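Trainee: You'll find model13.pdb just under this line, and it carries PDB, C-alpha atoms.
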ATOM      1  CA  MET J 143     246.996 -77.937 -59.495
ATOM      2  CA  ILE J 144     247.841 -74.287 -60.185
ATOM      3  CA  ILE J 145     250.286 -72.322 -58.074
ATOM      4  CA  ASN J 146     250.875 -68.696 -59.075
ATOM      5  CA  SER J 147     249.614 -69.527 -62.592
ATOM      6  CA  ILE J 148     252.220 -72.275 -63.118
ATOM      7  CA  GLN J 149     251.252 -75.921 -63.548
ATOM      8  CA  TYR J 150     252.924 -78.229 -61.020
ATOM      9  CA  THR J 151     253.301 -81.972 -61.015
ATOM     10  CA  PRO J 152     254.634 -84.300 -58.285
ATOM     11  CA  GLN J 153     258.325 -84.086 -57.412
ATOM     12  CA  LYS J 154     258.788 -80.842 -59.352
ATOM     13  CA  TYR J 155     260.445 -77.744 -57.964
ATOM     14  CA  CYS J 156     258.484 -74.568 -57.294
ATOM     15  CA  SER J 157     259.157 -70.915 -56.681
ATOM     16  CA  PHE J 158     258.678 -69.702 -53.115
ATOM     17  CA  SER J 159     257.419 -66.310 -54.279
ATOM     18  CA  GLY J 160     255.041 -63.904 -52.564
ATOM     19  CA  ILE J 161     251.498 -65.068 -51.916
ATOM     20  CA  SER J 162     248.876 -63.778 -54.335
ATOM     21  CA  PHE J 163     245.182 -63.366 -53.624
ATOM     22  CA  ARG J 164     241.753 -63.545 -55.229
ATOM     23  CA  LYS J 165     238.440 -62.140 -54.018
ATOM     24  CA  PRO J 166     235.380 -64.312 -54.718
ATOM     25  CA  ASP J 167     232.106 -63.437 -52.962
ATOM     26  CA  LYS J 168     233.552 -60.381 -51.196
ATOM     27  CA  ILE J 169     236.154 -62.286 -49.175
ATOM     28  CA  LYS J 170     239.881 -62.196 -49.899
ATOM     29  CA  LEU J 171     241.454 -65.650 -50.220
ATOM     30  CA  PHE J 172     245.053 -66.627 -50.857
ATOM     31  CA  ASN J 173     245.910 -68.465 -54.057
ATOM     32  CA  GLU J 174     247.551 -71.832 -53.642
ATOM     33  CA  PHE J 175     251.132 -71.615 -52.393
ATOM     34  CA  CYS J 176     253.911 -74.028 -51.550
ATOM     35  CA  CYS J 177     255.952 -74.200 -48.376
ATOM     36  CA  LYS J 178     258.534 -76.226 -46.495
ATOM     37  CA  SER J 179     258.350 -78.467 -43.466
ATOM     38  CA  PRO J 180     261.273 -78.037 -41.038
ATOM     39  CA  SER J 181     261.074 -81.765 -40.250
ATOM     40  CA  ILE J 182     261.508 -83.038 -43.824
ATOM     41  CA  LYS J 183     264.935 -82.916 -45.438
ATOM     42  CA  THR J 184     264.617 -82.035 -49.115
ATOM     43  CA  THR J 185     266.435 -79.714 -51.482
ATOM     44  CA  PRO J 186     265.834 -76.023 -50.732
ATOM     45  CA  GLU J 187     263.745 -75.440 -53.876
ATOM     46  CA  CYS J 188     261.438 -78.417 -53.398
ATOM     47  CA  ALA J 189     258.037 -77.913 -51.744
ATOM     48  CA  ASP J 190     256.957 -80.289 -48.987
ATOM     49  CA  TYR J 191     253.437 -78.922 -48.758
ATOM     50  CA  PHE J 192     250.946 -77.246 -51.089
ATOM     51  CA  VAL J 193     248.369 -75.095 -49.307
ATOM     52  CA  ARG J 194     245.002 -74.000 -50.727
ATOM     53  CA  ILE J 195     241.792 -72.439 -49.469
ATOM     54  CA  GLU J 196     238.391 -73.209 -50.960
ATOM     55  CA  PRO J 197     234.799 -72.091 -50.364
ATOM     56  CA  GLY J 198     232.777 -74.684 -48.458
ATOM     57  CA  TYR J 199     229.246 -75.967 -48.871
ATOM     58  CA  THR J 200     227.787 -72.588 -47.932
ATOM     59  CA  ASN J 201     228.941 -69.009 -48.544
ATOM     60  CA  LYS J 202     229.856 -68.804 -44.855
ATOM     61  CA  GLU J 203     232.263 -71.742 -44.892
ATOM     62  CA  LEU J 204     235.918 -72.012 -45.926
ATOM     63  CA  SER J 205     238.278 -74.962 -46.014
ATOM     64  CA  ILE J 206     242.076 -74.800 -45.879
ATOM     65  CA  LYS J 207     243.696 -77.934 -47.262
ATOM     66  CA  VAL J 208     247.285 -79.165 -47.319
ATOM     67  CA  ASP J 209     248.700 -81.614 -49.855
ATOM     68  CA  ASP J 210     252.063 -83.352 -49.665
ATOM     69  CA  GLY J 211     254.713 -83.257 -52.403
ATOM     70  CA  ASP J 212     252.843 -85.988 -54.278
ATOM     71  CA  PHE J 213     249.594 -83.984 -54.070
ATOM     72  CA  ASN J 214     247.941 -86.319 -51.585
ATOM     73  CA  GLU J 215     245.685 -84.419 -49.175
ATOM     74  CA  ILE J 216     247.078 -84.770 -45.652
ATOM     75  CA  GLY J 217     245.160 -82.160 -43.664
ATOM     76  CA  SER J 218     242.207 -79.807 -43.624
ATOM     77  CA  SER J 219     240.890 -76.956 -41.507
ATOM     78  CA  VAL J 220     237.220 -75.926 -41.678
ATOM     79  CA  LEU J 221     236.319 -72.308 -40.934
ATOM     80  CA  THR J 222     232.997 -70.535 -40.553
ATOM     81  CA  ILE J 223     232.792 -66.829 -41.386
ATOM     82  CA  LYS J 224     231.019 -64.796 -38.715
ATOM     83  CA  SER J 225     230.233 -61.076 -38.789
ATOM     84  CA  ASN J 226     233.840 -59.980 -38.332
ATOM     85  CA  SER J 227     235.631 -63.107 -37.207
ATOM     86  CA  LEU J 228     236.434 -66.693 -38.108
ATOM     87  CA  TYR J 229     235.353 -69.774 -36.181
ATOM     88  CA  ASN J 230     237.648 -72.788 -36.578
ATOM     89  CA  ASP J 231     235.201 -75.695 -36.562
ATOM     90  CA  ASN J 232     237.794 -78.391 -37.079
ATOM     91  CA  ILE J 233     241.446 -78.979 -37.887
ATOM     92  CA  ASP J 234     242.736 -82.418 -38.738
ATOM     93  CA  VAL J 235     245.856 -84.086 -40.081
ATOM     94  CA  THR J 236     245.551 -87.570 -41.557
ATOM     95  CA  ALA J 237     246.649 -90.009 -38.855
ATOM     96  CA  LYS J 238     249.248 -91.815 -40.959
ATOM     97  CA  ARG J 239     250.865 -88.476 -41.907
ATOM     98  CA  ARG J 240     251.140 -86.965 -38.428
ATOM     99  CA  LYS J 241     254.782 -87.987 -38.248
ATOM    100  CA  PHE J 242     255.417 -85.292 -40.846
ATOM    101  CA  SER J 243     255.151 -82.378 -38.454
ATOM    102  CA  GLY J 244     254.199 -78.974 -39.731
ATOM    103  CA  ALA J 245     250.983 -79.613 -41.680
ATOM    104  CA  GLY J 246     248.824 -78.457 -38.756
ATOM    105  CA  SER J 247     251.022 -75.407 -38.248
ATOM    106  CA  VAL J 248     250.785 -74.476 -41.923
ATOM    107  CA  MET J 249     246.984 -74.564 -41.699
ATOM    108  CA  LYS J 250     247.032 -72.317 -38.613
ATOM    109  CA  LEU J 251     249.216 -69.838 -40.491
ATOM    110  CA  GLY J 252     246.742 -69.971 -43.379
ATOM    111  CA  GLU J 253     243.974 -69.089 -40.919
ATOM    112  CA  LEU J 254     245.995 -66.098 -39.692
ATOM    113  CA  ILE J 255     246.566 -64.867 -43.240
ATOM    114  CA  THR J 256     242.846 -65.146 -44.025
ATOM    115  CA  MET J 257     241.883 -63.284 -40.862
ATOM    116  CA  LEU J 258     244.384 -60.466 -41.389
ATOM    117  CA  GLU J 259     243.725 -59.990 -45.102
ATOM    118  CA  ASN J 260     240.011 -59.600 -44.399
ATOM    119  CA  ASN J 261     240.516 -57.216 -41.455
ATOM    120  CA  MET J 262     238.755 -59.541 -39.041
ATOM    121  CA  ASP J 263     238.934 -59.134 -35.276
ATOM    122  CA  LYS J 264     239.607 -62.680 -34.101
ATOM    123  CA  ILE J 265     239.640 -66.431 -34.623
ATOM    124  CA  GLU J 266     237.617 -68.530 -32.188
ATOM    125  CA  LEU J 267     237.527 -72.270 -31.581
ATOM    126  CA  HIS J 268     236.715 -74.958 -29.061
ATOM    127  CA  SER J 269     239.824 -76.999 -28.350
ATOM    128  CA  LEU J 270     239.851 -80.588 -27.223
ATOM    129  CA  GLY J 271     242.247 -81.204 -24.365
ATOM    130  CA  GLN J 272     244.765 -82.957 -26.588
ATOM    131  CA  ALA J 273     245.051 -79.875 -28.826
ATOM    132  CA  VAL J 274     245.152 -77.117 -26.198
ATOM    133  CA  TYR J 275     248.955 -76.886 -26.174
ATOM    134  CA  PHE J 276     249.082 -76.837 -29.975
ATOM    135  CA  HIS J 277     246.686 -73.900 -30.201
ATOM    136  CA  SER J 278     248.438 -72.070 -27.367
ATOM    137  CA  LYS J 279     251.670 -72.214 -29.400
ATOM    138  CA  PHE J 280     249.849 -69.954 -31.840
ATOM    139  CA  LYS J 281     248.960 -67.594 -28.988
ATOM    140  CA  PHE J 282     245.338 -68.714 -28.681
ATOM    141  CA  LYS J 283     244.136 -67.907 -25.172
ATOM    142  CA  PRO J 284     241.532 -69.672 -23.023
ATOM    143  CA  ALA J 285     238.177 -67.914 -23.420
ATOM    144  CA  MET J 286     235.999 -69.501 -20.755
ATOM    145  CA  THR J 287     233.072 -67.508 -19.395
ATOM    146  CA  ASN J 288     232.003 -69.873 -16.607
ATOM    147  CA  ILE J 289     233.830 -68.981 -13.406
ATOM    148  CA  GLU J 290     233.573 -72.512 -12.027
ATOM    149  CA  ASP J 291     235.302 -73.901 -15.123
ATOM    150  CA  ILE J 292     238.191 -71.488 -14.674
ATOM    151  CA  LYS J 293     238.482 -72.383 -10.981
ATOM    152  CA  SER J 294     238.556 -76.075 -11.834
ATOM    153  CA  TYR J 295     241.458 -75.753 -14.294
ATOM    154  CA  LEU J 296     243.460 -73.504 -11.976
ATOM    155  CA  LEU J 297     242.993 -75.907  -9.073
ATOM    156  CA  GLU J 298     243.449 -79.202 -10.887
ATOM    157  CA  ASP J 299     246.019 -78.276 -13.541
ATOM    158  CA  VAL J 300     247.961 -75.290 -12.213
ATOM    159  CA  LEU J 301     248.084 -75.543  -8.416
ATOM    160  CA  ILE J 302     248.949 -79.215  -8.653
ATOM    161  CA  ARG J 303     252.402 -77.888  -9.678
ATOM    162  CA  LYS J 304     252.753 -75.896  -6.467
ATOM    163  CA  ASN J 305     255.848 -77.814  -5.346
ATOM    164  CA  ASP J 306     257.541 -77.539  -8.728
ATOM    165  CA  LYS J 307     259.782 -74.451  -8.657
ATOM    166  CA  ARG J 308     259.431 -74.015 -12.410
ATOM    167  CA  PHE J 309     255.800 -73.043 -11.862
ATOM    168  CA  ASN J 310     256.229 -70.829  -8.769
ATOM    169  CA  LYS J 311     255.168 -67.619 -10.476
ATOM    170  CA  VAL J 312     252.013 -68.927 -12.155
ATOM    171  CA  CYS J 313     250.976 -70.885  -9.040
ATOM    172  CA  LYS J 314     251.241 -67.721  -6.961
ATOM    173  CA  LEU J 315     249.034 -65.889  -9.451
ATOM    174  CA  ALA J 316     246.498 -68.731  -9.377
ATOM    175  CA  GLU J 317     246.381 -68.739  -5.558
ATOM    176  CA  GLU J 318     245.867 -64.988  -5.405
ATOM    177  CA  TRP J 319     243.081 -65.185  -7.966
ATOM    178  CA  LEU J 320     241.313 -68.064  -6.212
ATOM    179  CA  ASN J 321     241.431 -66.180  -2.898
ATOM    180  CA  LYS J 322     239.561 -63.186  -4.276
ATOM    181  CA  ASN J 323     236.294 -62.386  -2.532
ATOM    182  CA  GLU J 324     234.521 -60.992  -5.569
ATOM    183  CA  ILE J 325     234.650 -62.191  -9.166
ATOM    184  CA  ASP J 326     233.659 -59.837 -12.007
ATOM    185  CA  ASP J 327     234.213 -59.738 -15.777
ATOM    186  CA  LYS J 328     237.738 -58.419 -15.306
ATOM    187  CA  SER J 329     238.487 -61.292 -12.931
ATOM    188  CA  ILE J 330     237.257 -63.810 -15.506
ATOM    189  CA  GLU J 331     239.708 -62.358 -18.031
ATOM    190  CA  GLU J 332     242.494 -62.517 -15.428
ATOM    191  CA  GLY J 333     241.702 -66.171 -14.694
ATOM    192  CA  ASN J 334     241.897 -67.069 -18.373
ATOM    193  CA  ASN J 335     245.189 -65.194 -18.661
ATOM    194  CA  ILE J 336     246.679 -67.102 -15.712
ATOM    195  CA  LEU J 337     245.796 -70.401 -17.379
ATOM    196  CA  TYR J 338     247.317 -69.078 -20.623
ATOM    197  CA  THR J 339     250.539 -68.286 -18.757
ATOM    198  CA  TYR J 340     250.571 -71.844 -17.439
ATOM    199  CA  LEU J 341     250.111 -73.285 -20.944
ATOM    200  CA  GLN J 342     252.930 -71.138 -22.290
ATOM    201  CA  THR J 343     255.201 -72.266 -19.452
ATOM    202  CA  VAL J 344     254.486 -75.936 -20.179
ATOM    203  CA  ASN J 345     255.251 -75.368 -23.866
ATOM    204  CA  GLU J 346     258.487 -73.517 -23.100
ATOM    205  CA  LEU J 347     259.622 -76.372 -20.851
ATOM    206  CA  LYS J 348     258.681 -78.869 -23.599
ATOM    207  CA  LEU J 349     256.414 -80.769 -21.230
ATOM    208  CA  ASN J 350     253.334 -80.552 -23.433
ATOM    209  CA  ARG J 351     253.569 -84.179 -24.577
ATOM    210  CA  GLU J 352     253.973 -85.579 -21.073
ATOM    211  CA  PRO J 353     250.835 -87.493 -19.948
ATOM    212  CA  GLU J 354     250.788 -85.851 -16.516
ATOM    213  CA  PHE J 355     250.425 -82.413 -18.130
ATOM    214  CA  GLU J 356     247.457 -83.355 -20.291
ATOM    215  CA  ILE J 357     244.605 -80.847 -20.153
ATOM    216  CA  MET J 358     241.123 -82.346 -20.066
ATOM    217  CA  PRO J 359     238.481 -82.043 -21.365
ATOM    218  CA  GLY J 360     239.227 -78.772 -23.214
ATOM    219  CA  PHE J 361     237.699 -75.317 -23.573
ATOM    220  CA  ASP J 362     236.972 -72.341 -25.835
ATOM    221  CA  MET J 363     239.990 -70.380 -27.061
ATOM    222  CA  VAL J 364     240.483 -67.144 -28.993
ATOM    223  CA  LEU J 365     243.207 -65.351 -30.943
ATOM    224  CA  THR J 366     242.584 -61.625 -31.431
ATOM    225  CA  ARG J 367     244.033 -59.282 -34.008
ATOM    226  CA  LYS J 368     245.793 -57.439 -31.183
ATOM    227  CA  ASP J 369     247.375 -60.689 -29.976
ATOM    228  CA  ILE J 370     248.765 -61.305 -33.462
ATOM    229  CA  PHE J 371     250.352 -57.860 -33.706
ATOM    230  CA  ASP J 372     251.659 -58.054 -30.148
ATOM    231  CA  ASN J 373     253.454 -61.237 -31.227
ATOM    232  CA  LYS J 374     254.216 -60.289 -34.838
ATOM    233  CA  ASP J 375     257.928 -61.116 -34.554
ATOM    234  CA  TYR J 376     257.039 -64.619 -33.377
ATOM    235  CA  PHE J 377     254.592 -65.168 -36.226
ATOM    236  CA  ASN J 378     256.957 -63.675 -38.798
ATOM    237  CA  GLY J 379     259.549 -66.159 -37.572
ATOM    238  CA  LEU J 380     257.086 -68.996 -38.209
ATOM    239  CA  PHE J 381     256.353 -67.747 -41.731
ATOM    240  CA  LYS J 382     260.091 -67.692 -42.406
ATOM    241  CA  LYS J 383     260.576 -71.133 -40.841
ATOM    242  CA  PHE J 384     258.050 -72.660 -43.238
ATOM    243  CA  GLY J 385     259.259 -70.694 -46.255
ATOM    244  CA  ILE J 386     256.004 -68.741 -46.571
ATOM    245  CA  ASP J 387     256.592 -65.351 -48.172
ATOM    246  CA  TYR J 388     254.253 -63.362 -45.919
ATOM    247  CA  GLN J 389     255.085 -60.872 -43.198
ATOM    248  CA  ILE J 390     253.083 -58.955 -40.594
ATOM    249  CA  SER J 391     254.032 -55.297 -40.286
ATOM    250  CA  ASP J 392     252.905 -52.535 -37.956
ATOM    251  CA  SER J 393     251.450 -50.640 -40.906
ATOM    252  CA  SER J 394     249.024 -53.477 -41.653
ATOM    253  CA  TYR J 395     247.401 -53.093 -38.204
TER     254      TYR J 395
END
Could I get this structure in the form of structure tokens?
Mentor:
Amino acid sequence: MIINSIQYTPQKYCSFSGISFRKPDKIKLFNEFCCKSPSIKTTPECADYFVRIEPGYTNKELSIKVDDGDFNEIGSSVLTIKSNSLYNDNIDVTAKRRKFSGAGSVMKLGELITMLENNMDKIELHSLGQAVYFHSKFKFKPAMTNIEDIKSYLLEDVLIRKNDKRFNKVCKLAEEWLNKNEIDDKSIEEGNNILYTYLQTVNELKLNREPEFEIMPGFDMVLTRKDIFDNKDYFNGLFKKFGIDYQISDSSY
């Protein structure tokens, strides 16, 4: 495996230097880089994960893969290139390696880098219920277009917390929205944003792993370029946390 033109073998140290890029077939891809997992205690210079991106079976498909320190593949994320966006078809971490948290997060950060470096507008995906909170941690927002679907989630997932003071604000917003007489495109966006606020609240309270807060069955989600720059300090903190030498600046918007 080659990282920044240096040959690496298992258990060797690596340099956490700036990410370099290549441009095959008119799309800019990062060269393989190494990073740290906050949950694994190793020496500061030792990489926990090696991250690479490869073209898929077609010229519209990309695959981000993560290997552990012994170069065993532990996760992959499949992306489809659209006109000016990415669609995340699938993201998966090998079941037996899920205890090593961070592999999924590293792949999401790789998706962000790919989107930004290619000046794309957004990343879209369909999230299963069990992954909704994970994606919302990366500022992905619900992107439902069916008004009845939005109503269902606000009634069955948000307003069920009406007697929990921690959710007073978002429940009030949900009630006001549900009591509207007319629903238009702007209202649909507002409904999605209310559900997003609820998801963020659950994450902040660290209730996302509690069975009673499970979101089912899941829905479409989106992360826009604007959302990334609105939250650039948050994302830059994640890059630093994982030892990834990449930063989002206002000038790159």
Trainee: Counting all atoms listed in the file, which residues come within 10 Å of (238.8, -78.7, -29.3), with the point read in the file's coordinates, and could you list them as a short mmCIF file (atom, residue, chain, number, x, y, z; two decimals) with C-alpha atoms, keeping the file's coordinate frame?
Mentor:
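Output contents, as saved in selection14.cif:
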data_model
loop_
_atom_site.label_atom_id
_atom_site.label_comp_id
_atom_site.auth_asym_id
_atom_site.auth_seq_id
_atom_site.Cartn_x
_atom_site.Cartn_y
_atom_site.Cartn_z
CA ASN J 230 237.65 -72.79 -36.58
CA ASP J 231 235.20 -75.69 -36.56
CA ASN J 232 237.79 -78.39 -37.08
CA ILE J 233 241.45 -78.98 -37.89
CA LEU J 267 237.53 -72.27 -31.58
CA HIS J 268 236.72 -74.96 -29.06
CA SER J 269 239.82 -77.00 -28.35
CA LEU J 270 239.85 -80.59 -27.22
CA GLY J 271 242.25 -81.20 -24.36
CA GLN J 272 244.76 -82.96 -26.59
CA ALA J 273 245.05 -79.88 -28.83
CA VAL J 274 245.15 -77.12 -26.20
CA HIS J 277 246.69 -73.90 -30.20
CA PRO J 359 238.48 -82.04 -21.36
CA GLY J 360 239.23 -78.77 -23.21
CA PHE J 361 237.70 -75.32 -23.57
CA ASP J 362 236.97 -72.34 -25.84
CA MET J 363 239.99 -70.38 -27.06
#
Trainee: Which residue out of J:Leu315, J:Gly385, J:Phe309, J:Val344 has the minimum interatomic distance to Tyr191 in chain J when only C-alpha atoms are used?
Mentor: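 Nearest candidate to Tyr191 in chain J out of J:Leu315, J:Gly385, J:Phe309, J:Val344: J:Gly385.
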Trainee: What gap, in Å, lies between CA of Asp291 in chain J and CA of Leu221 in chain J?
Mentor: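 Distance between the two atoms: 25.9 Å.
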Trainee: Have a look at CA of Glu174 in chain J and CA of Ser205 in chain J and let me know their distance in Å, one decimal.
Mentor: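 CA of Glu174 in chain J sits 12.4 Å away from CA of Ser205 in chain J.
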Trainee: Quick check on the file I pasted: which residues fall under the PyMOL selection byres ((chain J and resi 220) around 10)? Write them as number ranges by chain.
Mentor: J: 195-198, 203-207, 218-219, 221-222, 228-234, 249, 253
Trainee: Quick one: everything within 10 Å of Glu317 in chain J, counting all atoms listed in the file, minus sequence neighbours fewer than 2 positions away in the same chain. Send it as a list in words.
Mentor: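 Near Glu317 in chain J, the qualifying residues are Leu296, Leu297, Val300, Leu301, Lys304, Val312, Cys313, Lys314, Leu315, Trp319, Leu320, Asn321 and Lys322 of chain J.
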Trainee: Between CA of Ile357 in chain J and CA of Met262 in chain J, what distance in Å does the model show, to one decimal?
Mentor: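 Separation of CA of Ile357 in chain J and CA of Met262 in chain J: 29.1 Å.
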Trainee: Please return, as a list of chain:residue names, all polymer residues that have at least one atom within 10 Å of the point (247.4, -81.6, -41.7); use all atoms listed in the file and the file's own coordinate frame.
Mentor: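 Output of the proximity query reads J:Tyr191, J:Ile206, J:Lys207, J:Val208, J:Asp209, J:Asp210, J:Glu215, J:Ile216, J:Gly217, J:Ser218, J:Ser219, J:Ile233, J:Asp234, J:Val235, J:Thr236, J:Ala237, J:Arg239, J:Arg240, J:Phe242, J:Ser243, J:Gly244, J:Ala245, J:Gly246, J:Ser247, J:Val248, J:Met249, J:Lys250.
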Trainee: Specify as a ChimeraX atom specification each residue included when the PyMOL selection byres ((chain J and resi 343) around 12) is applied to this file.
Mentor: /J:275,278-279,300,303,307-313,336-342,344-350,355
Trainee: For the selection you just gave me, I'd like the residues written to a file as a CSV table (one decimal), in the frame of the given file, keeping C-alpha atoms.
Mentor:
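So the final result, stored in part11.csv, reads:
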chain,number,residue,atom,x,y,z
J,275,TYR,CA,249.0,-76.9,-26.2
J,278,SER,CA,248.4,-72.1,-27.4
J,279,LYS,CA,251.7,-72.2,-29.4
J,300,VAL,CA,248.0,-75.3,-12.2
J,303,ARG,CA,252.4,-77.9,-9.7
J,307,LYS,CA,259.8,-74.5,-8.7
J,308,ARG,CA,259.4,-74.0,-12.4
J,309,PHE,CA,255.8,-73.0,-11.9
J,310,ASN,CA,256.2,-70.8,-8.8
J,311,LYS,CA,255.2,-67.6,-10.5
J,312,VAL,CA,252.0,-68.9,-12.2
J,313,CYS,CA,251.0,-70.9,-9.0
J,336,ILE,CA,246.7,-67.1,-15.7
J,337,LEU,CA,245.8,-70.4,-17.4
J,338,TYR,CA,247.3,-69.1,-20.6
J,339,THR,CA,250.5,-68.3,-18.8
J,340,TYR,CA,250.6,-71.8,-17.4
J,341,LEU,CA,250.1,-73.3,-20.9
J,342,GLN,CA,252.9,-71.1,-22.3
J,344,VAL,CA,254.5,-75.9,-20.2
J,345,ASN,CA,255.3,-75.4,-23.9
J,346,GLU,CA,258.5,-73.5,-23.1
J,347,LEU,CA,259.6,-76.4,-20.9
J,348,LYS,CA,258.7,-78.9,-23.6
J,349,LEU,CA,256.4,-80.8,-21.2
J,350,ASN,CA,253.3,-80.6,-23.4
J,355,PHE,CA,250.4,-82.4,-18.1
Trainee: Hey, which of J:Lys178, J:Met257, J:Thr287, J:Asn201 ends up closest to Ile325 in chain J? Count only C-alpha atoms.
Mentor: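 Nearest candidate to Ile325 in chain J out of J:Lys178, J:Met257, J:Thr287, J:Asn201: J:Thr287.
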